[in-house]
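One structure is given below, encoded as structure tokens.
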Amino acid sequence: MVISEEKKDKPRKAILAFLLSILVAGLGQLYNGQLKKAFLFFGGFLMSLICINLIGFKSCFWIYIYALLVHVVLMFLIATDADLKAKKQKEYILKVYNKWYVYLLFTIVGYLAIFVAEKISSNSRYIISIVRSDSGFPTIVAGDYILGDYSFYNSQEPTYGDLVIFSMPDGGFYNYRIIGMPNDTLGIENQLVKYYGKELSSKFISTMFYDKYEMEEFDEILPNGIEYKFVRIKSPPFQENDPIEEIIVPNDSYFLMGDNRNFSYDSRFIGFVQRGQIQGKLVSIYLSKNLKKINESL
């Protein structure tokens with residue numbers, strides 16, 4: 001009988017307890033024989049993850065980063081608790097659940113619970129996506145991560161200057177700026193827009209280079225006072241489309257254009273975008289190679 005108990009006497013390894021808790025919150029406590037604490041810590045970790053999603057911290061980059069840092073600190077504290085407990089236990093009699101397959105089961109169930117919690121609690125209002133083209137240059141460029149608000153138009157209607165997210169028959173989602181509202185009459189010549197019966201102000205700012213092209217940058221103020229910048233090629237290397245004298249936007253539809261006028265496959269080619277196609281609005285640049293643009297409002 002004595003020999004049997006000696007075989008069960010296996011002191012806990014602090015480093016292993018720490019690493020197990022890093023792998024899954026509470027697993028280090030399970031390894032230490034703290035069954036209730038293991039489930040308590042894992043439950044607390046899971047709830048903090050759910051709260052981060054439900055509260056909608058993702059809508060602001062820096063708040064979301066701080067929330068994730070708090071989450072990381074919580075993980076470290078749980079792992080440190082397991083490490084300290086293991087160091088204090090000079091003698092440890094193995095429990096019935098101190099088996100490798102129990103640890104494996106705890107890990108699998110733990111990650112499955114995290115996955116399900118993420119899916120259920122994930123706030124579908126805010127979605128982060130990456131920009132794939134430069135049709136929005138100079139406002140947004142390829143490689144930028146942008147935050148879309150898919151509930152923005154639940155309480156209000158799209159308006160001039162909004163960078164809207166819309167769906168197409170191919171199943172894809174795209175984004176361009178609203179230039180024409182329902183029942184507007186407008187024209188386009190040399191990439192410049194003119195309205196019939198509404199005020200528009202376009203002012204040349206400077207020249208710049210985009211890829212190998214010399215571009216002209218303009219500052220434009222739309223009829224509702226929204227101000228933004230767009231660019232056009234100074235000397236197009238190819239023949240431009242003929243001027244469009246009159247565009248009448250149908251009721252319940254919008255005319256969209258890219259800020260990079262010569263390189264945008266917008267309403268001039270795909271036609272008007274109906275209200276039902278508009279899914280949300282771009283609200284900010286979430287992450288960018290240009291650090292100054294992080295969390296920049298759109």
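To be explicit about the labels: the chains of the structure tokens are called A, B, and onward in the order shown, and within each one the residues are counted from 1, while ligands get numbers from 1 in the order they are shown.
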
Hey, which bits of range 225-260 of chain A sit within 9 Å of range 268-272 of chain A, and for each residue what's the closest pair of atoms and how far apart in Å (one decimal), counting only C-alpha atoms, rows by chain and increasing number, as a Markdown table?
| residue | atom | partner | partner_atom | distance |
| --- | --- | --- | --- | --- |
| A:Val249 | CA | A:Phe272 | CA | 7.3 |
| A:Pro250 | CA | A:Phe272 | CA | 8.0 |
| A:Ser253 | CA | A:Phe272 | CA | 6.1 |
| A:Tyr254 | CA | A:Phe272 | CA | 5.6 |
| A:Phe255 | CA | A:Phe272 | CA | 5.2 |
| A:Leu256 | CA | A:Phe272 | CA | 7.3 |
| A:Met257 | CA | A:Arg268 | CA | 7.6 |

Create the file for the chosen residues now, containing N, CA and C atoms and written as a CSV table (one decimal), in the first residue's frame.
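So the final result, stored in out.csv, reads:
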chain,number,residue,atom,x,y,z
A,249,VAL,N,-30.6,60.0,-62.2
A,249,VAL,CA,-30.5,58.9,-61.2
A,249,VAL,C,-32.0,58.5,-60.9
A,250,PRO,N,-32.3,57.2,-61.1
A,250,PRO,CA,-33.7,56.8,-60.8
A,250,PRO,C,-34.0,56.9,-59.3
A,253,SER,N,-32.3,54.8,-56.2
A,253,SER,CA,-31.0,54.3,-56.7
A,253,SER,C,-30.0,55.4,-56.5
A,254,TYR,N,-28.7,55.0,-56.6
A,254,TYR,CA,-27.6,56.0,-56.4
A,254,TYR,C,-26.5,55.8,-57.5
A,255,PHE,N,-25.9,57.0,-57.7
A,255,PHE,CA,-24.8,57.0,-58.7
A,255,PHE,C,-23.5,57.0,-57.9
A,256,LEU,N,-22.6,56.0,-58.0
A,256,LEU,CA,-21.4,55.9,-57.2
A,256,LEU,C,-20.2,56.1,-58.1
A,257,MET,N,-19.1,56.7,-57.5
A,257,MET,CA,-17.9,56.9,-58.2
A,257,MET,C,-16.7,56.6,-57.2

Please indicate the distance in Å from CA of Ala17 in chain A to CA of Asp83 in chain A, rounded to one decimal place.
5.5 Å

Could you please write out, as JSON, numbers by chain, every residue of range 104-250 of chain A that DSSP assigns to strand (DSSP E)?
{"A": [126, 127, 128, 129, 130, 145, 146, 147, 148, 149, 163, 164, 165, 166, 167, 173, 174, 175, 176, 177, 178, 179, 180, 185, 186, 187, 188, 189, 192, 193, 194, 195, 201, 202, 203, 204, 205, 206, 207, 208, 209, 210, 213, 214, 215, 216, 217, 218, 219, 220, 221, 227, 228, 229, 230, 231, 232, 233, 244, 245, 246, 247, 248]}

Where does DSSP see alpha helix (DSSP H) in range 26-222 of chain A, if you list the residues as a PyMOL selection string?
chain A and resi 27-31+35-55+61-88+100-121

Report as a PyMOL selection string all protein, DNA and RNA residues lying within 9 Å of range 201-211 of chain A, evaluated on only C-alpha atoms, omitting residues in the same chain fewer than 2 positions from it.
chain A and resi 137+192-193+199+213-223+231+233-234

Minimum-distance residue to Val141 in chain A, chosen among A:Asn98, A:Ser121, A:Ser288, A:Gln279 (using only C-alpha atoms):
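The answer is A:Ser288, which sits nearest to Val141 in chain A.
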
Residue contacts of Pro243 in chain A (10 Å, only C-alpha atoms) excluding same-chain residues fewer than 6 positions away, as a list in words
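The filter keeps Gly187, Ile188, Glu189, Asn190, Gln191 and Leu192 of chain A.
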
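The shortest atom-to-atom distance to Tyr103 in chain A, with only C-alpha atoms taken into account, belongs to A:Gln29 out of A:Ser167, A:Asn175, A:Gln29, A:Ser267.
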
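In this comparison, which uses only C-alpha atoms, the residue of A:Leu291, A:Met75, A:Leu20, A:Leu30 approaching Val102 in chain A most closely is A:Leu30.
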
Applying 12 Å and only C-alpha atoms, which residues near Phe173 in chain A remain after dropping the ones on its own chain fewer than 5 positions away? List them as a ChimeraX atom specification.
/A:129-132,148,150,164-168,277-281

Can you tell me how far CA of Lys99 in chain A sits from CA of Tyr31 in chain A, in Å to one decimal?
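Distance reported for this atom pair: 8.8 Å.
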
Selected residue of minimal separation from Ile247 in chain A among A:Tyr286, A:Phe263, A:Phe42, A:Tyr195, counting only C-alpha atoms
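For Ile247 in chain A, the nearest of the given residues is A:Tyr195.
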
Using only C-alpha atoms, pick whichever of A:Ile178, A:Ala79, A:Cys60, A:Ile128 has the shortest atom-to-atom distance to Ser297 in chain A.
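Using only C-alpha atoms, Ser297 in chain A sits closest to A:Cys60.
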
Considering only C-alpha atoms, return as a PyMOL selection string whatever protein or nucleic-acid residues lie within 12 Å of Asn290 in chain A, sequence-local ones (same chain, fewer than 2 positions apart) excluded.
chain A and resi 139-145+285-288+292-296
